[in-house]
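Here is coords-v4.pdb, consisting of PDB, C-alpha atoms:
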```pdb
ATOM      1  CA  MET A   9      15.401 -35.975  -6.024
ATOM      2  CA  ASN A  10      17.078 -32.759  -7.141
ATOM      3  CA  PHE A  11      18.797 -31.932 -10.439
ATOM      4  CA  LEU A  12      22.257 -32.774  -9.115
ATOM      5  CA  GLU A  13      21.269 -36.107  -7.588
ATOM      6  CA  GLU A  14      19.719 -37.084 -10.921
ATOM      7  CA  ARG A  15      22.930 -36.191 -12.753
ATOM      8  CA  ILE A  16      25.091 -38.102 -10.268
ATOM      9  CA  LEU A  17      22.940 -41.212 -10.722
ATOM     10  CA  LYS A  18      23.074 -40.833 -14.505
ATOM     11  CA  ASP A  19      26.784 -40.097 -15.002
ATOM     12  CA  GLY A  20      28.599 -40.627 -11.694
ATOM     13  CA  VAL A  21      30.754 -43.721 -11.210
ATOM     14  CA  VAL A  22      31.272 -45.283  -7.783
ATOM     15  CA  LYS A  23      34.818 -46.537  -7.322
ATOM     16  CA  SER A  24      36.437 -48.439  -4.494
ATOM     17  CA  CYS A  25      37.742 -46.612  -1.390
ATOM     18  CA  ASN A  26      34.646 -44.359  -1.235
ATOM     19  CA  VAL A  27      35.542 -42.459  -4.403
ATOM     20  CA  LEU A  28      32.817 -41.019  -6.625
ATOM     21  CA  LYS A  29      33.929 -40.063 -10.137
ATOM     22  CA  VAL A  30      32.007 -37.108 -11.506
ATOM     23  CA  ASP A  31      34.724 -35.998 -13.876
ATOM     24  CA  SER A  32      32.499 -36.263 -16.944
ATOM     25  CA  PHE A  33      30.423 -33.270 -15.830
ATOM     26  CA  LEU A  34      31.849 -31.545 -12.730
ATOM     27  CA  ASN A  35      35.588 -31.579 -12.188
ATOM     28  CA  HIS A  36      37.434 -32.562 -15.361
ATOM     29  CA  GLN A  37      35.002 -32.038 -18.194
ATOM     30  CA  VAL A  38      32.539 -29.364 -17.134
ATOM     31  CA  ASP A  39      28.854 -29.149 -18.045
ATOM     32  CA  ILE A  40      28.312 -25.383 -18.268
ATOM     33  CA  ALA A  41      24.515 -25.561 -18.053
ATOM     34  CA  LEU A  42      24.835 -27.634 -14.878
ATOM     35  CA  MET A  43      27.329 -25.116 -13.450
ATOM     36  CA  GLU A  44      24.888 -22.294 -14.134
ATOM     37  CA  GLU A  45      22.189 -24.208 -12.286
ATOM     38  CA  ILE A  46      24.568 -24.864  -9.373
ATOM     39  CA  GLY A  47      25.405 -21.147  -9.242
ATOM     40  CA  ARG A  48      21.715 -20.215  -9.150
ATOM     41  CA  GLU A  49      20.987 -22.778  -6.434
ATOM     42  CA  PHE A  50      23.770 -21.521  -4.167
ATOM     43  CA  LYS A  51      22.555 -17.956  -4.725
ATOM     44  CA  ARG A  52      19.059 -19.042  -3.673
ATOM     45  CA  ARG A  53      20.377 -20.788  -0.563
ATOM     46  CA  PHE A  54      22.618 -17.929   0.537
ATOM     47  CA  GLU A  55      20.655 -14.886  -0.636
ATOM     48  CA  ASP A  56      19.797 -14.111   3.002
ATOM     49  CA  THR A  57      23.486 -13.606   3.892
ATOM     50  CA  PRO A  58      25.656 -10.517   3.301
ATOM     51  CA  VAL A  59      28.253 -12.218   1.077
ATOM     52  CA  THR A  60      30.949  -9.856  -0.247
ATOM     53  CA  LYS A  61      33.368 -12.495  -1.573
ATOM     54  CA  VAL A  62      33.373 -16.127  -2.661
ATOM     55  CA  MET A  63      36.377 -18.286  -1.791
ATOM     56  CA  THR A  64      37.471 -21.739  -2.916
ATOM     57  CA  ILE A  65      40.569 -23.863  -3.311
ATOM     58  CA  GLU A  66      42.285 -24.761  -6.569
ATOM     59  CA  ALA A  67      41.637 -26.507  -8.781
ATOM     60  CA  SER A  68      38.270 -28.281  -8.914
ATOM     61  CA  GLY A  69      36.445 -25.662  -6.871
ATOM     62  CA  ILE A  70      37.300 -22.787  -9.184
ATOM     63  CA  GLY A  71      34.872 -23.596 -12.005
ATOM     64  CA  ILE A  72      31.992 -23.958  -9.580
ATOM     65  CA  ALA A  73      32.880 -20.880  -7.542
ATOM     66  CA  VAL A  74      33.045 -18.718 -10.678
ATOM     67  CA  PHE A  75      29.360 -19.375 -11.355
ATOM     68  CA  VAL A  76      28.424 -18.775  -7.710
ATOM     69  CA  ALA A  77      30.354 -15.481  -7.607
ATOM     70  CA  LYS A  78      28.758 -14.400 -10.893
ATOM     71  CA  GLU A  79      25.270 -15.091  -9.530
ATOM     72  CA  LEU A  80      26.038 -13.205  -6.302
ATOM     73  CA  GLY A  81      27.779 -10.354  -8.129
ATOM     74  CA  VAL A  82      30.897 -10.528  -5.951
ATOM     75  CA  PRO A  83      34.604 -11.275  -6.524
ATOM     76  CA  LEU A  84      36.088 -14.748  -6.229
ATOM     77  CA  VAL A  85      39.417 -15.532  -4.590
ATOM     78  CA  PHE A  86      40.944 -18.977  -4.543
ATOM     79  CA  ALA A  87      43.576 -20.525  -2.335
ATOM     80  CA  LYS A  88      46.599 -21.643  -4.329
ATOM     81  CA  LYS A  89      48.276 -24.923  -3.511
ATOM     82  CA  SER A  90      51.721 -23.401  -3.681
ATOM     83  CA  LYS A  91      53.209 -19.951  -3.380
ATOM     84  CA  SER A  92      54.590 -18.876  -6.737
ATOM     85  CA  ILE A  93      56.969 -16.024  -7.468
ATOM     86  CA  ASN A  94      54.139 -13.891  -8.821
ATOM     87  CA  ILE A  95      52.348 -13.699  -5.451
ATOM     88  CA  ASP A  96      53.607 -10.459  -3.982
ATOM     89  CA  GLY A  97      53.746  -9.694  -0.290
ATOM     90  CA  ASP A  98      52.308 -11.479   2.673
ATOM     91  CA  VAL A  99      49.976 -14.437   2.466
ATOM     92  CA  PHE A 100      47.563 -16.328   4.670
ATOM     93  CA  VAL A 101      48.591 -19.994   4.879
ATOM     94  CA  ALA A 102      46.823 -23.193   5.923
ATOM     95  CA  GLU A 103      47.731 -26.844   5.602
ATOM     96  CA  VAL A 104      45.034 -29.012   4.055
ATOM     97  CA  GLU A 105      44.817 -32.708   3.418
ATOM     98  CA  SER A 106      43.057 -33.982   0.307
ATOM     99  CA  PHE A 107      40.957 -37.129   0.676
ATOM    100  CA  THR A 108      40.975 -37.760  -3.078
ATOM    101  CA  HIS A 109      44.652 -37.088  -3.713
ATOM    102  CA  ARG A 110      45.830 -38.498  -0.369
ATOM    103  CA  ASN A 111      48.342 -35.721   0.193
ATOM    104  CA  LYS A 112      48.823 -32.549   2.198
ATOM    105  CA  ASN A 113      49.339 -29.114   0.714
ATOM    106  CA  GLN A 114      49.995 -25.707   2.128
ATOM    107  CA  VAL A 115      47.476 -23.392   0.528
ATOM    108  CA  VAL A 116      47.956 -19.652   0.321
ATOM    109  CA  VAL A 117      45.850 -16.565  -0.273
ATOM    110  CA  SER A 118      47.475 -13.189  -0.777
ATOM    111  CA  LYS A 119      46.643 -10.721   1.981
ATOM    112  CA  SER A 120      45.914  -8.259  -0.838
ATOM    113  CA  PHE A 121      42.724 -10.161  -1.709
ATOM    114  CA  LEU A 122      41.175 -10.982   1.678
ATOM    115  CA  HIS A 123      40.475  -8.302   4.259
ATOM    116  CA  ALA A 124      39.032  -7.818   7.719
ATOM    117  CA  GLY A 125      35.312  -7.138   7.639
ATOM    118  CA  GLU A 126      34.589  -9.118   4.477
ATOM    119  CA  HIS A 127      31.767 -11.670   4.461
ATOM    120  CA  VAL A 128      32.951 -14.843   2.742
ATOM    121  CA  LEU A 129      31.043 -17.755   1.253
ATOM    122  CA  ILE A 130      33.318 -20.777   0.875
ATOM    123  CA  ILE A 131      32.526 -23.083  -2.059
ATOM    124  CA  ASP A 132      33.952 -26.514  -2.892
ATOM    125  CA  ASP A 133      33.073 -29.446  -5.111
ATOM    126  CA  PHE A 134      33.340 -32.228  -2.501
ATOM    127  CA  MET A 135      33.431 -32.590   1.237
ATOM    128  CA  ALA A 136      34.678 -35.857   2.725
ATOM    129  CA  ASN A 137      36.655 -35.341   5.919
ATOM    130  CA  GLY A 138      36.375 -31.548   5.899
ATOM    131  CA  CYS A 139      40.115 -30.828   5.919
ATOM    132  CA  ALA A 140      40.068 -28.422   2.963
ATOM    133  CA  MET A 141      37.077 -26.598   4.433
ATOM    134  CA  GLN A 142      38.791 -26.260   7.820
ATOM    135  CA  GLY A 143      41.873 -24.824   6.106
ATOM    136  CA  LEU A 144      39.826 -22.267   4.183
ATOM    137  CA  ILE A 145      37.899 -21.319   7.322
ATOM    138  CA  SER A 146      41.178 -20.726   9.165
ATOM    139  CA  ILE A 147      42.398 -18.459   6.353
ATOM    140  CA  VAL A 148      39.182 -16.408   6.406
ATOM    141  CA  GLU A 149      39.333 -16.065  10.177
ATOM    142  CA  SER A 150      43.046 -15.168  10.081
ATOM    143  CA  ALA A 151      42.105 -12.278   7.819
ATOM    144  CA  GLY A 152      39.538 -11.011  10.312
ATOM    145  CA  ALA A 153      36.762 -11.776   7.833
ATOM    146  CA  THR A 154      33.523 -13.633   8.569
ATOM    147  CA  VAL A 155      32.597 -17.045   7.165
ATOM    148  CA  GLU A 156      28.960 -16.642   6.118
ATOM    149  CA  GLY A 157      28.613 -20.247   5.056
ATOM    150  CA  CYS A 158      30.067 -23.238   3.274
ATOM    151  CA  GLY A 159      28.530 -24.376  -0.009
ATOM    152  CA  ILE A 160      29.349 -27.924  -1.028
ATOM    153  CA  VAL A 161      28.272 -29.480  -4.313
ATOM    154  CA  ILE A 162      28.586 -33.107  -3.122
ATOM    155  CA  GLU A 163      28.964 -34.050   0.536
ATOM    156  CA  LYS A 164      29.884 -37.574   1.538
ATOM    157  CA  GLY A 165      27.543 -37.748   4.502
ATOM    158  CA  PHE A 166      28.994 -41.074   5.632
ATOM    159  CA  GLN A 167      32.332 -39.351   6.292
ATOM    160  CA  ILE A 168      32.952 -36.901   9.124
ATOM    161  CA  GLY A 169      33.519 -33.609   7.287
ATOM    162  CA  GLY A 170      30.008 -32.217   7.242
ATOM    163  CA  ARG A 171      29.414 -33.113  10.868
ATOM    164  CA  VAL A 172      32.748 -31.550  11.938
ATOM    165  CA  ILE A 173      32.114 -28.252  10.130
ATOM    166  CA  ARG A 174      28.509 -28.024  11.364
ATOM    167  CA  ASN A 175      29.651 -28.805  14.926
ATOM    168  CA  MET A 176      32.131 -25.925  14.639
ATOM    169  CA  GLY A 177      29.051 -23.720  14.220
ATOM    170  CA  TYR A 178      29.202 -23.026  10.491
ATOM    171  CA  ARG A 179      26.288 -23.125   8.117
ATOM    172  CA  VAL A 180      26.812 -25.867   5.534
ATOM    173  CA  GLU A 181      24.605 -26.126   2.455
ATOM    174  CA  SER A 182      25.243 -29.237   0.364
ATOM    175  CA  LEU A 183      23.414 -29.694  -2.925
ATOM    176  CA  ALA A 184      23.670 -33.483  -2.684
ATOM    177  CA  ILE A 185      24.502 -35.496   0.424
ATOM    178  CA  ILE A 186      25.461 -39.115  -0.133
ATOM    179  CA  ASP A 187      24.747 -41.424   2.791
ATOM    180  CA  ALA A 188      26.076 -44.599   1.157
ATOM    181  CA  MET A 189      27.852 -45.816  -1.980
ATOM    182  CA  ASP A 190      28.590 -49.353  -3.113
ATOM    183  CA  ALA A 191      31.371 -49.895  -5.650
ATOM    184  CA  ASP A 192      30.236 -53.458  -6.370
ATOM    185  CA  THR A 193      26.691 -52.499  -7.360
ATOM    186  CA  GLY A 194      27.288 -48.853  -8.301
ATOM    187  CA  SER A 195      24.431 -47.858  -6.020
ATOM    188  CA  ILE A 196      24.235 -44.451  -4.346
ATOM    189  CA  THR A 197      21.906 -43.519  -1.483
ATOM    190  CA  PHE A 198      21.159 -39.830  -1.008
ATOM    191  CA  ARG A 199      20.100 -38.176   2.232
ATOM    192  CA  LYS A 200      16.660 -36.600   2.105
ATOM    193  CA  GLN A 201      16.877 -32.815   2.349
ATOM    194  CA  ALA A 202      14.192 -30.201   2.836
TER     195      ALA A 202
END
```
Exercise: express the given structure as structure tokens:
Amino acid sequence: MNFLEERILKDGVVKSCNVLKVDSFLNHQVDIALMEEIGREFKRRFEDTPVTKVMTIEASGIGIAVFVAKELGVPLVFAKKSKSINIDGDVFVAEVESFTHRNKNQVVVSKSFLHAGEHVLIIDDFMANGCAMQGLISIVESAGATVEGCGIVIEKGFQIGGRVIRNMGYRVESLAIIDAMDADTGSITFRKQA
């Protein structure tokens, strides 16, 4: 069992409808030491790739991606869930559906911050159905950049997202993959990883 699986078992809360609450340490209140460890682990897993930029989606992915970008020594860009008046010029746009929030958003990245020829590592906190990841991939590809991989903190392996993204030919590295959760017992079963 790895450091993240241990923390999920200790502080994660399984809710109904396949929801795992990790807001006490990952995506509401943030454990900085854990984030540093997550950043180091993603660096270790992707150190063989020529990453020039880290990308994520607001809001929960930002804290994680900051630590990954710091470890890799590259800039971070994040997709905004709405175009505000302070985004100048053209943007890349993708529609994404959130499993947790049960809504769709158009996410945007300014064309000033994503360019052809860049090598992008996409980072997110969760992957369920893979919709956010597919949207970010489409933005990277629209820019003429290369997706070097997708780093996921927690993948719900019993949902289709990881399988879809891997079947599209992308490298997916998930720090914890959950194969089953039971809201009645609070039990979590993790997939064995190498």
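Across the structure, CA of Ser195 in chain A and CA of Ile70 in chain A are spaced 28.4 Å apart.
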Problem set entry | Residues selected by the PyMOL selection byres ((chain A and resi 197) around 10), written as JSON, numbers by chain | {"A": [13, 17, 185, 186, 187, 188, 189, 190, 195, 196, 198, 199, 200]}
With C-alpha atoms retained, could you export that selection as a PDB file, in the coordinates of the input?
```pdb
ATOM      1  CA  GLU A  13      21.269 -36.107  -7.588  1.00  0.00           C
ATOM      2  CA  LEU A  17      22.940 -41.212 -10.722  1.00  0.00           C
ATOM      3  CA  ILE A 185      24.502 -35.496   0.424  1.00  0.00           C
ATOM      4  CA  ILE A 186      25.461 -39.115  -0.133  1.00  0.00           C
ATOM      5  CA  ASP A 187      24.747 -41.424   2.791  1.00  0.00           C
ATOM      6  CA  ALA A 188      26.076 -44.599   1.157  1.00  0.00           C
ATOM      7  CA  MET A 189      27.852 -45.816  -1.980  1.00  0.00           C
ATOM      8  CA  ASP A 190      28.590 -49.353  -3.113  1.00  0.00           C
ATOM      9  CA  SER A 195      24.431 -47.858  -6.020  1.00  0.00           C
ATOM     10  CA  ILE A 196      24.235 -44.451  -4.346  1.00  0.00           C
ATOM     11  CA  PHE A 198      21.159 -39.830  -1.008  1.00  0.00           C
ATOM     12  CA  ARG A 199      20.100 -38.176   2.232  1.00  0.00           C
ATOM     13  CA  LYS A 200      16.660 -36.600   2.105  1.00  0.00           C
TER      14      LYS A 200
END
```
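Here the PyMOL selection byres ((chain A and resi 80) around 10) matches the residues Gly47, Arg48, Phe50, Lys51, Arg52, Phe54, Glu55, Pro58, Val59, Thr60, Lys61, Val62, Val74, Phe75, Val76, Ala77, Lys78, Glu79, Gly81, Val82 and Pro83 of chain A.
Selection result for the displayed file, with the PyMOL selection byres ((chain A and resi 162-175) around 7) as criterion, is Asp133, Phe134, Met135, Ala136, Asn137, Gly138, Ile160, Val161, Met176, Gly177, Tyr178, Arg179, Val180, Ser182, Leu183, Ala184, Ile185, Ile186, Asp187 and Ala188 of chain A.
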Put those residues in a file: C-alpha atoms, as a tab-separated table (two decimals), in the frame of the given file.
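out05.tsv, freshly written:
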```
chain	number	residue	atom	x	y	z
A	133	ASP	CA	33.07	-29.45	-5.11
A	134	PHE	CA	33.34	-32.23	-2.50
A	135	MET	CA	33.43	-32.59	1.24
A	136	ALA	CA	34.68	-35.86	2.72
A	137	ASN	CA	36.66	-35.34	5.92
A	138	GLY	CA	36.38	-31.55	5.90
A	160	ILE	CA	29.35	-27.92	-1.03
A	161	VAL	CA	28.27	-29.48	-4.31
A	176	MET	CA	32.13	-25.92	14.64
A	177	GLY	CA	29.05	-23.72	14.22
A	178	TYR	CA	29.20	-23.03	10.49
A	179	ARG	CA	26.29	-23.12	8.12
A	180	VAL	CA	26.81	-25.87	5.53
A	182	SER	CA	25.24	-29.24	0.36
A	183	LEU	CA	23.41	-29.69	-2.92
A	184	ALA	CA	23.67	-33.48	-2.68
A	185	ILE	CA	24.50	-35.50	0.42
A	186	ILE	CA	25.46	-39.12	-0.13
A	187	ASP	CA	24.75	-41.42	2.79
A	188	ALA	CA	26.08	-44.60	1.16
```
For this session: For CA of Val104 in chain A and CA of Lys23 in chain A, quote the distance in Å rounded to one decimal.
Result: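 Spanning CA of Val104 in chain A to CA of Lys23 in chain A is a straight-line distance of 23.3 Å.
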For this session: Quick one: pull the distance between CA of Lys18 in chain A and CA of Gln201 in chain A, Å, one decimal.
Result: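 Separation between CA of Lys18 in chain A and CA of Gln201 in chain A: 19.7 Å.
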Problem set entry | For Phe86 in chain A: contacts at 7 Å, all atoms listed in the file, fewer than 6 positions along chain excluded, given as a list in words | Met63, Thr64, Ile65, Glu66 and Val117 of chain A
For this session: Dump as a PyMOL selection string all residues having an atom at most 7 Å from (20.0, -28.7, -6.0), computed in the file's coordinates with only C-alpha atoms.
Result: chain A and resi 10-12+46+49+183-184
For this session: Starting from the point (34.0, -11.0, 2.8), work out which residues of protein, DNA or RNA have an atom no more than 8 Å away when counting only C-alpha atoms; state them as a ChimeraX atom specification.
Result: /A:59-62,122-129,153-155
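With only C-alpha atoms as the basis for measurement, A:Val99 is the residue among A:Cys25, A:Ile147, A:Leu42, A:Val99 that approaches Ser120 in chain A most closely.
If only C-alpha atoms are the atoms counted, then among A:Arg53, A:His36, A:Arg15, A:Lys89 the closest residue to Glu105 in chain A is A:Lys89.
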